[in-house]
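See below for protein-v2.cif, which holds mmCIF, C-alpha atoms.
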data_work
loop_
_atom_site.label_atom_id
_atom_site.label_comp_id
_atom_site.auth_asym_id
_atom_site.auth_seq_id
_atom_site.Cartn_x
_atom_site.Cartn_y
_atom_site.Cartn_z
CA MET A 10 11.64 -9.46 18.51
CA ARG A 11 11.98 -6.52 16.20
CA GLN A 12 9.59 -5.81 13.40
CA VAL A 13 9.95 -5.34 9.67
CA ALA A 14 8.17 -2.26 8.32
CA LEU A 15 7.77 -1.47 4.65
CA GLN A 16 7.69 2.20 3.70
CA MET A 17 7.08 2.84 0.03
CA GLY A 18 5.48 5.27 -2.34
CA MET A 19 2.52 3.71 -4.13
CA SER A 20 0.05 4.89 -6.73
CA LEU A 21 -3.55 4.87 -5.57
CA ASP A 22 -4.11 1.84 -7.78
CA GLY A 23 -1.47 -0.18 -5.98
CA TYR A 24 1.59 0.08 -8.19
CA VAL A 25 5.09 0.66 -6.86
CA ALA A 26 6.80 0.79 -10.26
CA SER A 27 5.54 1.72 -13.69
CA ASP A 28 6.92 2.56 -17.12
CA ARG A 29 4.59 5.57 -17.20
CA GLU A 30 5.98 7.45 -14.24
CA HIS A 31 7.45 6.51 -10.90
CA PRO A 32 4.43 5.97 -8.63
CA GLY A 33 6.42 7.24 -5.65
CA THR A 34 7.27 10.67 -6.99
CA SER A 35 4.12 12.07 -8.58
CA VAL A 36 4.09 15.18 -6.37
CA ALA A 37 6.71 16.97 -4.29
CA GLU A 38 6.52 16.11 -0.59
CA ASP A 39 5.50 19.02 1.61
CA ALA A 40 7.57 19.96 4.66
CA GLU A 41 5.25 18.25 7.11
CA LEU A 42 5.46 14.95 5.24
CA VAL A 43 9.25 15.22 5.02
CA ARG A 44 9.37 15.68 8.80
CA TRP A 45 6.98 12.79 9.35
CA LYS A 46 8.94 10.43 7.10
CA LEU A 47 12.29 11.63 8.43
CA ASP A 48 11.22 10.71 11.94
CA ARG A 49 10.56 7.13 10.83
CA VAL A 50 13.64 6.86 8.63
CA ALA A 51 15.90 8.14 11.41
CA LYS A 52 14.52 5.60 13.92
CA ALA A 53 15.22 2.58 11.72
CA GLY A 54 17.57 -0.07 13.04
CA ALA A 55 18.57 -0.84 9.46
CA HIS A 56 17.51 0.04 5.93
CA LEU A 57 16.61 -2.96 3.80
CA MET A 58 16.48 -2.93 0.01
CA GLY A 59 16.81 -5.00 -3.10
CA ARG A 60 19.78 -4.74 -5.42
CA THR A 61 18.32 -2.26 -7.89
CA THR A 62 17.19 0.17 -5.20
CA TYR A 63 20.52 -0.23 -3.44
CA GLN A 64 22.40 0.79 -6.59
CA GLU A 65 20.16 3.82 -7.07
CA MET A 66 20.45 4.91 -3.45
CA ALA A 67 24.18 4.23 -3.18
CA ALA A 68 24.71 6.53 -6.15
CA TYR A 69 22.46 9.24 -4.71
CA TRP A 70 22.48 9.60 -0.92
CA PRO A 71 26.24 9.98 -0.28
CA GLN A 72 26.21 13.20 -2.35
CA SER A 73 22.81 14.46 -1.23
CA THR A 74 22.11 17.36 1.13
CA HIS A 75 18.44 16.36 1.60
CA PRO A 76 17.30 15.81 5.22
CA TYR A 77 16.89 12.10 4.47
CA ALA A 78 20.56 11.78 3.48
CA ALA A 79 22.07 11.63 6.99
CA PRO A 80 19.93 8.75 8.30
CA MET A 81 20.26 6.94 4.99
CA ASN A 82 24.03 7.23 5.04
CA ASP A 83 24.63 6.68 8.75
CA ILE A 84 22.24 3.83 9.60
CA PRO A 85 23.32 0.31 8.57
CA LYS A 86 21.94 -0.98 5.30
CA ILE A 87 21.28 -4.51 4.16
CA VAL A 88 21.00 -5.22 0.46
CA PHE A 89 19.36 -8.48 -0.54
CA SER A 90 21.07 -9.86 -3.62
CA LYS A 91 22.54 -13.10 -4.89
CA THR A 92 24.48 -11.35 -7.66
CA LEU A 93 25.91 -8.12 -6.22
CA GLY A 94 29.68 -8.53 -5.89
CA GLN A 95 30.40 -5.93 -3.26
CA ALA A 96 28.68 -3.04 -1.53
CA THR A 97 30.73 0.15 -1.42
CA TRP A 98 28.16 2.39 0.30
CA PRO A 99 29.54 2.54 3.86
CA THR A 100 27.74 0.55 6.57
CA THR A 101 26.17 -1.82 4.03
CA ARG A 102 26.22 -5.59 4.11
CA ILE A 103 24.93 -8.02 1.51
CA ALA A 104 22.39 -10.69 2.49
CA ARG A 105 22.68 -13.57 0.02
CA GLY A 106 20.69 -16.30 1.73
CA ASP A 107 17.09 -17.42 1.51
CA LEU A 108 14.80 -14.45 2.00
CA ALA A 109 12.70 -15.88 4.84
CA THR A 110 15.79 -17.21 6.64
CA GLU A 111 17.62 -13.90 6.38
CA ILE A 112 14.60 -11.94 7.63
CA ALA A 113 14.04 -14.35 10.52
CA ALA A 114 17.66 -13.93 11.61
CA LEU A 115 17.40 -10.16 11.34
CA LYS A 116 14.22 -10.09 13.43
CA ALA A 117 15.86 -12.20 16.11
CA GLU A 118 18.63 -9.61 16.55
CA SER A 119 18.16 -6.90 19.13
CA GLY A 120 17.72 -3.30 18.04
CA PRO A 121 15.12 -0.96 16.61
CA ASP A 122 12.67 -2.08 13.94
CA VAL A 123 13.99 -2.25 10.40
CA LEU A 124 12.65 -0.37 7.39
CA VAL A 125 12.19 -1.82 3.91
CA HIS A 126 12.47 0.74 1.10
CA GLY A 127 11.85 -1.49 -1.94
CA GLY A 128 12.21 -1.85 -4.79
CA ALA A 129 9.18 -3.32 -6.42
CA SER A 130 10.40 -6.90 -6.82
CA PHE A 131 11.96 -7.14 -3.36
CA ALA A 132 8.90 -5.66 -1.66
CA ALA A 133 6.50 -7.88 -3.60
CA ALA A 134 8.54 -10.95 -2.62
CA LEU A 135 8.46 -9.97 1.06
CA ALA A 136 4.72 -9.31 0.90
CA ALA A 137 4.08 -12.63 -0.84
CA LYS A 138 5.95 -14.53 1.85
CA GLY A 139 4.19 -12.72 4.69
CA LEU A 140 7.44 -11.26 6.03
CA ILE A 141 6.24 -7.68 6.50
CA ASP A 142 4.88 -6.73 9.92
CA GLU A 143 3.80 -3.22 9.01
CA TYR A 144 2.91 -1.57 5.72
CA CYS A 145 3.46 2.18 5.62
CA LEU A 146 2.04 3.09 2.22
CA VAL A 147 2.79 6.60 1.02
CA ILE A 148 -0.09 6.86 -1.42
CA GLN A 149 0.37 9.33 -4.24
CA PRO A 150 -2.46 11.22 -5.95
CA VAL A 151 -1.93 9.34 -9.20
CA ALA A 152 -3.33 6.26 -10.91
CA VAL A 153 -0.83 4.74 -13.35
CA GLY A 154 -2.94 1.85 -14.64
CA ARG A 155 -0.09 -0.58 -15.16
CA GLY A 156 3.26 -1.48 -13.73
CA GLN A 157 4.54 -3.63 -10.89
CA ALA A 158 1.99 -4.00 -8.11
CA LEU A 159 3.14 -4.35 -4.51
CA PHE A 160 0.64 -7.14 -3.89
CA ALA A 161 0.87 -8.88 -7.27
CA GLU A 162 2.53 -12.02 -5.87
CA LEU A 163 0.20 -12.64 -2.92
CA PRO A 164 -0.87 -16.29 -2.80
CA ALA A 165 -4.25 -15.23 -1.38
CA ALA A 166 -6.04 -12.09 -0.27
CA LEU A 167 -4.32 -10.37 2.63
CA ARG A 168 -6.49 -8.79 5.28
CA LEU A 169 -5.07 -5.82 7.09
CA GLU A 170 -5.82 -3.72 10.11
CA LEU A 171 -5.61 0.04 9.65
CA ILE A 172 -3.33 1.56 12.26
CA GLU A 173 -3.16 5.13 11.02
CA ALA A 174 -4.35 7.23 8.09
CA ARG A 175 -3.07 10.72 7.56
CA SER A 176 -3.36 13.15 4.68
CA PHE A 177 -0.87 15.84 3.80
CA ASP A 178 -1.27 19.15 1.98
CA CYS A 179 0.74 17.96 -1.02
CA GLY A 180 -2.01 15.41 -1.75
CA ILE A 181 -0.23 12.37 -0.41
CA VAL A 182 -2.08 10.12 2.03
CA VAL A 183 -0.16 7.79 4.33
CA HIS A 184 -1.84 4.55 5.36
CA ILE A 185 -0.26 2.32 7.96
CA TYR A 186 -1.53 -1.25 8.14
CA ARG A 187 -0.64 -4.43 9.94
CA PRO A 188 -1.55 -7.87 8.61
CA ARG A 189 -4.34 -9.46 10.60
CA PRO A 190 -2.79 -12.47 12.29
CA MET A 191 -6.04 -14.26 13.07
CA ASP A 192 -7.00 -15.31 9.56
CA GLY A 193 -3.49 -15.66 8.18
CA GLY A 194 -4.43 -13.54 5.21
CA ASN A 195 -6.34 -16.34 3.54
CA GLY A 196 -9.65 -14.56 3.78
CA MET B 2 -23.03 21.92 -15.34
CA GLY B 3 -23.07 18.98 -12.97
CA SER B 4 -20.13 16.86 -12.09
CA LEU B 5 -20.00 13.11 -12.43
CA VAL B 6 -18.65 11.70 -9.18
CA LEU B 7 -17.33 8.16 -9.07
CA TYR B 8 -18.04 6.55 -5.72
CA MET B 9 -16.76 3.02 -5.51
CA SER B 10 -15.61 0.47 -2.99
CA MET B 11 -12.03 -0.46 -3.77
CA SER B 12 -9.37 -2.68 -2.23
CA LEU B 13 -6.23 -0.88 -1.11
CA ASP B 14 -4.42 -2.23 -4.18
CA GLY B 15 -6.96 -0.77 -6.59
CA PHE B 16 -9.34 -3.64 -7.36
CA ILE B 17 -13.10 -3.20 -7.55
CA ALA B 18 -14.00 -6.89 -7.93
CA GLY B 19 -12.42 -10.26 -7.24
CA PRO B 20 -10.78 -12.37 -9.96
CA ASP B 21 -12.92 -14.05 -12.63
CA ASP B 22 -15.76 -11.53 -12.61
CA ARG B 23 -18.43 -12.84 -15.01
CA ALA B 24 -22.11 -13.52 -15.39
CA GLY B 25 -23.10 -16.01 -12.73
CA GLN B 26 -20.19 -14.96 -10.55
CA GLU B 27 -20.80 -11.27 -10.18
CA LEU B 28 -17.99 -9.33 -8.47
CA GLY B 29 -15.71 -12.32 -9.06
CA ARG B 30 -14.38 -14.71 -6.46
CA ASP B 31 -14.83 -13.24 -3.00
CA GLY B 32 -15.41 -9.79 -4.47
CA GLY B 33 -18.43 -9.33 -2.24
CA ARG B 34 -16.11 -8.63 0.66
CA LEU B 35 -15.49 -5.20 -0.86
CA PHE B 36 -19.04 -4.34 0.15
CA ASN B 37 -19.19 -5.93 3.60
CA TRP B 38 -18.79 -2.48 5.09
CA LEU B 39 -22.29 -1.63 3.87
CA ASP B 40 -23.69 -4.13 6.39
CA ASP B 41 -22.61 -1.59 8.98
CA ARG B 42 -23.82 1.49 7.10
CA MET B 43 -26.41 2.58 9.66
CA SER B 44 -23.93 2.54 12.54
CA ASP B 45 -22.27 5.48 14.24
CA GLY B 46 -18.87 4.11 13.26
CA PRO B 47 -16.75 4.90 10.20
CA SER B 48 -18.89 2.80 7.82
CA GLY B 49 -21.95 4.80 8.81
CA GLN B 50 -20.04 8.05 8.48
CA VAL B 51 -18.83 7.20 4.97
CA PHE B 52 -22.30 6.10 3.94
CA ARG B 53 -23.94 9.28 5.22
CA GLU B 54 -21.31 11.40 3.46
CA ALA B 55 -21.98 9.54 0.22
CA MET B 56 -25.71 10.06 0.59
CA ALA B 57 -25.21 13.76 1.27
CA THR B 58 -22.85 14.30 -1.65
CA SER B 59 -25.51 14.71 -4.28
CA ASN B 60 -28.62 13.10 -5.68
CA SER B 61 -27.70 9.71 -4.31
CA ASN B 62 -31.02 7.95 -4.73
CA TRP B 63 -29.31 5.24 -6.74
CA LEU B 64 -27.25 4.36 -3.70
CA ASP B 65 -30.34 4.28 -1.53
CA ALA B 66 -32.13 1.98 -3.94
CA TRP B 67 -29.13 -0.20 -4.50
CA THR B 68 -28.49 -0.81 -0.82
CA ALA B 69 -32.11 -1.10 0.29
CA PRO B 70 -32.79 -4.26 2.28
CA THR B 71 -34.53 -6.87 0.16
#

As structure tokens, please, write out the structure in this file.
Amino acid sequence: MRQVALQMGMSLDGYVASDREHPGTSVAEDAELVRWKLDRVAKAGAHLMGRTTYQEMAAYWPQSTHPYAAPMNDIPKIVFSKTLGQATWPTTRIARGDLATEIAALKAESGPDVLVHGGASFAAALAAKGLIDEYCLVIQPVAVGRGQALFAELPAALRLELIEARSFDCGIVVHIYRPRPMDGGNG
Amino acid sequence: MGSLVLYMSMSLDGFIAGPDDRAGQELGRDGGRLFNWLDDRMSDGPSGQVFREAMATSNSNWLDAWTAPT
């Protein structure tokens, strides 16, 4: 069964969106981090996103010459939305069903693990429902103090196992965690 | 001039206490778990390493006093 990995920029105080500044873009990524992220992005079996992030990405990646553009454009995308009429970004389908049901069906398919890119509401909903197998948090050297927190909707504390921690010259630290299955996150 | 260094235990989402932190329920509900790592502070593992680095950072007598076994 394939896994669902979340990969998102986050402020060090846990926010993935804020009216102050985007917590995912506080510093420019250095070349090593770009290579590291590109490796993961290019391996994804599908890119998953909410409607808002889809609309931002669909307007950006087809015209972009950034290294991330090719895997974002070429690999299938799934946008989770009950309201989006159609998806014009090639290789995109719309998932309109119940979140847990759609994710379960996706995990049952064969293929490489899938990557969730956000946005804040979609990621928080997945986290709250325990649907994320791996958290790859790209932690920025910024505290924003307010905004939308990735873990704001958790019904109880979620305990995690640290898989990898790596710091990059640009000041970004990547933490990879997996939920601890034994205690179900209820601490 | 000296620097003031903040050294705190924090959850990965930025909290330094559990919910409902108040007199009589210090650190809030279940907030004590943020400090469970200190139980392992004399070990050779990562908790011990972090603790020794904290102690070596500066005049850390407060930390010594605060974590002394009672």

| message | Tell me as a ChimeraX atom specification which residues belonging to chain B come within 8 Å of chain A, counting only C-alpha atoms. | response | /B:13-16

| Between CA of Pro99 (chain A) and CA of Ala132 (chain A), distance in Å (one decimal) |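 So the answer is 22.9 Å.
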
| request: Any chance you could resolve the PyMOL selection byres ((chain A and resi 176-179) around 8) against this file and give the residues as JSON, numbers by chain? | output: {"A": [36, 37, 38, 39, 41, 42, 174, 175, 180, 181, 182, 183]}

| task | Enter the distance from CA of Ala129 (chain A) to CA of Val25 (chain A), in Å, rounded to one decimal. | result | 5.7 Å

| Long-range neighbours of Lys91 (chain A) as a PyMOL selection string, 10 Å cut-off, only C-alpha atoms, 5 positions minimum in chain | chain A and resi 60+103-107

| request: Do a neighbour search on Pro47 (chain B) at 10 Å with all atoms listed in the file, toss out local chain neighbours closer than 6 positions, and write the hits as number ranges by chain. | output: B: 38, 41, 53

Export of prior selection with C-alpha atoms as a JSON list (two decimals), keeping the file's coordinate frame:
[["chain", "number", "residue", "atom", "x", "y", "z"],
["B", 38, "TRP", "CA", -18.79, -2.48, 5.09],
["B", 41, "ASP", "CA", -22.61, -1.59, 8.98],
["B", 53, "ARG", "CA", -23.94, 9.28, 5.22]]

| query | How many Å separate CA of Leu163 (chain A) from CA of Ala136 (chain A)? | reply |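 Straight-line distance from CA of Leu163 (chain A) to CA of Ala136 (chain A) works out to 6.8 Å.
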
| task | List every protein, DNA or RNA residue that has an atom no more than 12 Å from (13.7, 13.1, 6.3) in the file's coordinate frame, counting all atoms listed in the file, and report them as a ChimeraX atom specification. | result | /A:38-53,70,73-82

| request: Extract, using only C-alpha atoms, all DNA, RNA and protein residues at most 8 Å from Gly19 (chain B), discarding same-chain residues fewer than 3 positions from it, and format them as a list of chain:residue names. | output: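 So, after excluding close chain neighbours, the residues are B:Phe16, B:Asp22, B:Leu28, B:Gly29, B:Arg30, B:Asp31, B:Gly32, B:Gly33.
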
| Which residue gives the smallest distance to Glu162 (chain A) among A:Val125, A:Ile185, A:Phe131, A:Tyr144, with all atoms listed in the file counted? |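 Using all atoms listed in the file, Glu162 (chain A) sits closest to A:Phe131.
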
| His56 (chain A): which residues within 12 Å, counting all atoms listed in the file, same-chain residues fewer than 2 positions away excluded, as an NGL selection string? | :A and (13-16 or 49-54 or 58-59 or 62-63 or 66 or 80-89 or 100-103 or 115 or 121-127)

If the PyMOL selection byres ((chain B and resi 10) around 7) is run on the structure shown, which residues does it catch, given as an mmCIF file with C-alpha atoms, in the frame of the given file?
data_model
loop_
_atom_site.group_PDB
_atom_site.id
_atom_site.type_symbol
_atom_site.label_atom_id
_atom_site.label_comp_id
_atom_site.auth_asym_id
_atom_site.auth_seq_id
_atom_site.Cartn_x
_atom_site.Cartn_y
_atom_site.Cartn_z
ATOM 1 C CA MET B 9 -16.760 3.020 -5.510
ATOM 2 C CA MET B 11 -12.030 -0.460 -3.770
ATOM 3 C CA ILE B 17 -13.100 -3.200 -7.550
ATOM 4 C CA LEU B 35 -15.490 -5.200 -0.860
ATOM 5 C CA PHE B 36 -19.040 -4.340 0.150
#

Could you write region 148-161 of chain A as a JSON list (two decimals), keeping the file's coordinate frame, with N, CA, C and O atoms rebuilt where they are missing?
[["chain", "number", "residue", "atom", "x", "y", "z"],
["A", 148, "ILE", "N", 0.76, 6.97, -0.23],
["A", 148, "ILE", "CA", -0.09, 6.86, -1.42],
["A", 148, "ILE", "C", -0.16, 8.19, -2.16],
["A", 148, "ILE", "O", -0.56, 9.21, -1.61],
["A", 149, "GLN", "N", 0.26, 8.14, -3.40],
["A", 149, "GLN", "CA", 0.37, 9.33, -4.24],
["A", 149, "GLN", "C", -0.96, 9.62, -4.93],
["A", 149, "GLN", "O", -1.71, 8.70, -5.25],
["A", 150, "PRO", "N", -1.22, 10.88, -5.23],
["A", 150, "PRO", "CA", -2.46, 11.22, -5.95],
["A", 150, "PRO", "C", -2.31, 10.97, -7.45],
["A", 150, "PRO", "O", -2.39, 11.87, -8.27],
["A", 151, "VAL", "N", -2.08, 9.70, -7.80],
["A", 151, "VAL", "CA", -1.93, 9.34, -9.20],
["A", 151, "VAL", "C", -2.38, 7.89, -9.38],
["A", 151, "VAL", "O", -2.18, 7.06, -8.50],
["A", 152, "ALA", "N", -3.03, 7.64, -10.50],
["A", 152, "ALA", "CA", -3.33, 6.26, -10.91],
["A", 152, "ALA", "C", -2.51, 6.01, -12.17],
["A", 152, "ALA", "O", -2.60, 6.79, -13.12],
["A", 153, "VAL", "N", -1.69, 4.98, -12.19],
["A", 153, "VAL", "CA", -0.83, 4.74, -13.35],
["A", 153, "VAL", "C", -1.38, 3.65, -14.27],
["A", 153, "VAL", "O", -0.99, 3.57, -15.42],
["A", 154, "GLY", "N", -2.25, 2.79, -13.76],
["A", 154, "GLY", "CA", -2.94, 1.85, -14.64],
["A", 154, "GLY", "C", -2.19, 0.58, -14.97],
["A", 154, "GLY", "O", -2.79, -0.43, -15.30],
["A", 155, "ARG", "N", -0.88, 0.63, -14.90],
["A", 155, "ARG", "CA", -0.09, -0.58, -15.16],
["A", 155, "ARG", "C", 1.28, -0.40, -14.52],
["A", 155, "ARG", "O", 1.70, 0.72, -14.23],
["A", 156, "GLY", "N", 1.95, -1.52, -14.35],
["A", 156, "GLY", "CA", 3.26, -1.48, -13.73],
["A", 156, "GLY", "C", 3.46, -2.69, -12.85],
["A", 156, "GLY", "O", 2.84, -3.73, -13.07],
["A", 157, "GLN", "N", 4.34, -2.56, -11.86],
["A", 157, "GLN", "CA", 4.54, -3.63, -10.89],
["A", 157, "GLN", "C", 3.75, -3.30, -9.64],
["A", 157, "GLN", "O", 3.93, -2.25, -9.02],
["A", 158, "ALA", "N", 2.85, -4.21, -9.26],
["A", 158, "ALA", "CA", 1.99, -4.00, -8.11],
["A", 158, "ALA", "C", 2.64, -4.60, -6.87],
["A", 158, "ALA", "O", 3.21, -5.70, -6.92],
["A", 159, "LEU", "N", 2.55, -3.88, -5.77],
["A", 159, "LEU", "CA", 3.14, -4.35, -4.51],
["A", 159, "LEU", "C", 2.58, -5.73, -4.13],
["A", 159, "LEU", "O", 3.30, -6.59, -3.64],
["A", 160, "PHE", "N", 1.29, -5.91, -4.37],
["A", 160, "PHE", "CA", 0.64, -7.14, -3.89],
["A", 160, "PHE", "C", 0.41, -8.17, -5.00],
["A", 160, "PHE", "O", -0.38, -9.10, -4.84],
["A", 161, "ALA", "N", 1.13, -8.02, -6.11],
["A", 161, "ALA", "CA", 0.87, -8.88, -7.27],
["A", 161, "ALA", "C", 1.17, -10.35, -6.99],
["A", 161, "ALA", "O", 0.59, -11.23, -7.62]]
